[in-house]
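A quick write-up on the structure given underneath.
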Amino acid sequence: MPGEQPQLYETLDERFRTGRCQAGDSRLEALYEGCRWAEGPVYVPAGRYLLWSDIPNDRLLRWDETTGAVGVFRSPAGYPNGNALDGQGRLITCEQGNRRVTRTEHDGSVTVIAERFQGKRLNSPNDAVVKSDGSVWFSDPEFGIATDYEGHRGESEIGARNVYRVDPGSGEVRLVADGFQGPNGLVFGPDERRLYVSDSLANHIRVFDVRDDGTLTGGEVFAECANGSFDNIRFDDEGRLWAGAMHGGVHCYDPDGTLLGRILVPGTVANIRFGGARRNRMFIAADTTLYSLVMSVTGTPPLPPAGP
């Protein structure tokens with residue numbers, strides 16, 4: 001029928017409805033179109049703006065929440081992928097092209113926090129998350145060295161695709177999890193006692209227990225993707241896991257691992273992020289477009305400061 005809107009929410013379990021997961025906006029808002037491949041949205045509360053990556057165009061873009069204006073934040077940017085904020089509000093960026101993880105200081109200078117493991121160059125860091133103790137955890141698949149499209153074609157010096165932890169004191173890069181085909185998105189559970197890692201090439205999400213010394217145990221499969229392939233993952237403040245599922249839209253999982261429902265997004269969904277003043281705005285990077293959806297669910301709160 002003329003004017004009829006496409007279905008946005010798909011309920012697979014009644015908890016998706018009763019948990020307010022499909023309340024809020026009834027349609028997606030396209031904030032920007034014109035990327036080659038959009039990834040890595042991160043909301044900066046202090047400035048009320050969002051940064052995200054346009055990997056093949058080798059740039060970080062900036063969307064201003066107060067004006068809607070979009071501009072280039074940094075270019076060239078090392079073919080950036082995932083972005084995060086640390087407890088001091090500094091930008092952490094996975095630079096696929098430069099094969100490193102960096103931190104943008106408050107004065108705009110860039111500090112390299114990881115580029116080698118045991119003397120060997122990293123593959124192409126993909127996504128990062130910062131723990132409340134200040135440690136930075138990141139995935140390192142080979143997507144950025146497979147071709148020249150999202151980085152620079154090259155050989156893996158490490159010969160494996162792993163997840164690493166950067167110690168906040170010593171800066172040591174430590175291997176914390178291996179055995180992945182294509183480690184991608186990662187996120188801590190709300191209490192930081194578990195780390196969830198999506199494996200895009202294995203089509204599943206694994207969950208690890210986090211020990212006090214920063215090591216991991218476990219690694220069981222939390223969820224499998226029947227249609228699509230998992231990319232970036234985030235939690236809301238009621239313990240539900242939301243996952244960018246490529247051609248499957250955005251999936252929502254109960255803490256028990258049940259798929260509750262989906263947000264049906266046009267194109268291929270890569271990364272998602274809760275943001276906005278109330279953390280109830282989901283930003284979705286899909287193909288060439290950055291979308292926004294104001295919801296009734298709220299993302300987990302930002303990190304507390306980890307010290308000087």
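In the structure tokens, the first chain shown is A, the next is B, and so on; residue numbers restart at 1 for each chain, and ligands run from 1 in the order shown.
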Among segment 6-173 of chain A, which ones does DSSP place in strand (DSSP E), written as a PyMOL selection string?
chain A and resi 9-11+29-33+38-44+49-54+59-64+70-74+80-85+91-95+100-104+110-114+116-117+120-121+128-130+136-140+162-166+173
Non-local contacts of segment 162-175 of chain A (7 Å; only C-alpha atoms; under 2 positions in same chain excluded) as a ChimeraX atom specification
/A:113-114,117,134-141,160,177-178,180,183
For those residues, write C-alpha atoms to a file as an mmCIF file, in the first residue's frame.
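Output file selection.cif is given in full below:
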data_model
loop_
_atom_site.group_PDB
_atom_site.id
_atom_site.type_symbol
_atom_site.label_atom_id
_atom_site.label_comp_id
_atom_site.auth_asym_id
_atom_site.auth_seq_id
_atom_site.Cartn_x
_atom_site.Cartn_y
_atom_site.Cartn_z
ATOM 1 C CA ILE A 113 49.418 1.544 22.403
ATOM 2 C CA ALA A 114 49.816 -1.747 20.489
ATOM 3 C CA PHE A 117 53.132 -9.117 19.818
ATOM 4 C CA GLY A 134 42.182 0.888 31.999
ATOM 5 C CA SER A 135 43.267 -2.222 30.092
ATOM 6 C CA VAL A 136 42.534 -2.263 26.350
ATOM 7 C CA TRP A 137 41.347 -5.507 24.734
ATOM 8 C CA PHE A 138 41.257 -5.947 20.971
ATOM 9 C CA SER A 139 40.646 -8.504 18.246
ATOM 10 C CA ASP A 140 43.173 -9.102 15.473
ATOM 11 C CA PRO A 141 41.860 -10.938 12.389
ATOM 12 C CA ALA A 160 47.067 -16.702 13.862
ATOM 13 C CA ALA A 177 42.305 -15.926 23.618
ATOM 14 C CA ASP A 178 43.053 -17.845 20.440
ATOM 15 C CA PHE A 180 39.439 -18.024 16.151
ATOM 16 C CA PRO A 183 37.678 -12.597 15.684
#
Closest of A:Pro255, A:Gly248, A:Gly68, A:Pro266 to Leu31 of chain A - atom-to-atom distances counting only C-alpha atoms:
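For Leu31 of chain A, the nearest of the given residues is A:Gly68.
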Closest contacts (segment 131-208 of chain A/segment 286-303 of chain A, max 9 Å, only C-alpha atoms) as JSON lines:
{"residue": "A:Lys131", "atom": "CA", "partner": "A:Leu303", "partner_atom": "CA", "distance": 7.6}
{"residue": "A:Ser132", "atom": "CA", "partner": "A:Leu303", "partner_atom": "CA", "distance": 5.9}
{"residue": "A:Pro190", "atom": "CA", "partner": "A:Thr300", "partner_atom": "CA", "distance": 6.8}
Fewer than 2 positions away in the same chain doesn't count, so skip those; otherwise give me all residues within 8 Å of segment 87-98 of chain A, counting only C-alpha atoms, as a PyMOL selection string.
chain A and resi 44+77-85+100-106+123-128+130+132+134+144-145+150-152+302-306
Same residues, C-alpha atoms, saved as a PDB file, in the first residue's frame:
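The resulting file, out20.pdb, is shown below:
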ATOM      1  CA  VAL A  44      31.375  11.117  22.681  1.00  0.00           C
ATOM      2  CA  ALA A  77      43.387   7.683   9.447  1.00  0.00           C
ATOM      3  CA  GLY A  78      45.187   4.365   8.945  1.00  0.00           C
ATOM      4  CA  TYR A  79      42.123   2.624   7.477  1.00  0.00           C
ATOM      5  CA  PRO A  80      40.341   2.705  10.849  1.00  0.00           C
ATOM      6  CA  ASN A  81      37.823   0.093  11.969  1.00  0.00           C
ATOM      7  CA  GLY A  82      36.578  -0.206  15.568  1.00  0.00           C
ATOM      8  CA  ASN A  83      36.608   2.731  17.975  1.00  0.00           C
ATOM      9  CA  ALA A  84      36.091   3.038  21.729  1.00  0.00           C
ATOM     10  CA  LEU A  85      36.510   5.534  24.563  1.00  0.00           C
ATOM     11  CA  ARG A 100      48.097  -1.013  15.252  1.00  0.00           C
ATOM     12  CA  VAL A 101      45.853   0.280  18.052  1.00  0.00           C
ATOM     13  CA  THR A 102      46.133   3.978  18.928  1.00  0.00           C
ATOM     14  CA  ARG A 103      44.869   6.475  21.474  1.00  0.00           C
ATOM     15  CA  THR A 104      44.009  10.053  20.547  1.00  0.00           C
ATOM     16  CA  GLU A 105      45.027  12.334  23.404  1.00  0.00           C
ATOM     17  CA  HIS A 106      43.021  15.370  24.497  1.00  0.00           C
ATOM     18  CA  ASN A 123      47.606  -8.521  11.556  1.00  0.00           C
ATOM     19  CA  SER A 124      44.944  -5.794  11.376  1.00  0.00           C
ATOM     20  CA  PRO A 125      43.269  -4.849  14.680  1.00  0.00           C
ATOM     21  CA  ASN A 126      39.506  -4.820  14.219  1.00  0.00           C
ATOM     22  CA  ASP A 127      37.593  -3.910  17.384  1.00  0.00           C
ATOM     23  CA  ALA A 128      38.550  -2.742  20.860  1.00  0.00           C
ATOM     24  CA  VAL A 130      38.322  -0.802  27.419  1.00  0.00           C
ATOM     25  CA  SER A 132      37.336  -0.192  33.964  1.00  0.00           C
ATOM     26  CA  GLY A 134      42.182   0.888  31.999  1.00  0.00           C
ATOM     27  CA  GLY A 144      42.874  -5.590   6.676  1.00  0.00           C
ATOM     28  CA  ILE A 145      45.813  -7.460   5.153  1.00  0.00           C
ATOM     29  CA  GLU A 150      40.397  -2.029   3.754  1.00  0.00           C
ATOM     30  CA  GLY A 151      44.110  -1.711   4.403  1.00  0.00           C
ATOM     31  CA  HIS A 152      47.286  -2.951   2.767  1.00  0.00           C
ATOM     32  CA  PRO A 302      30.151   4.692  30.248  1.00  0.00           C
ATOM     33  CA  LEU A 303      33.337   3.690  32.016  1.00  0.00           C
ATOM     34  CA  PRO A 304      34.303   5.398  35.257  1.00  0.00           C
ATOM     35  CA  PRO A 305      37.693   7.178  35.229  1.00  0.00           C
ATOM     36  CA  ALA A 306      40.528   4.691  35.756  1.00  0.00           C
TER      37      ALA A 306
END
Using only C-alpha atoms, tabulate the residues of segment 264-288 of chain A lying at most 10 Å from any atom of segment 9-28 of chain A, each with its closest atom pair and that distance in Å to one decimal, by chain and increasing residue number, as CSV.
residue,atom,partner,partner_atom,distance
A:Leu264,CA,A:Tyr9,CA,6.0
A:Val265,CA,A:Leu28,CA,7.9
A:Pro266,CA,A:Leu28,CA,9.4
A:Asn280,CA,A:Gly24,CA,9.3
A:Arg281,CA,A:Gly24,CA,9.6
A:Met282,CA,A:Leu28,CA,9.9
A:Phe283,CA,A:Leu28,CA,9.8
A:Ile284,CA,A:Leu28,CA,9.4
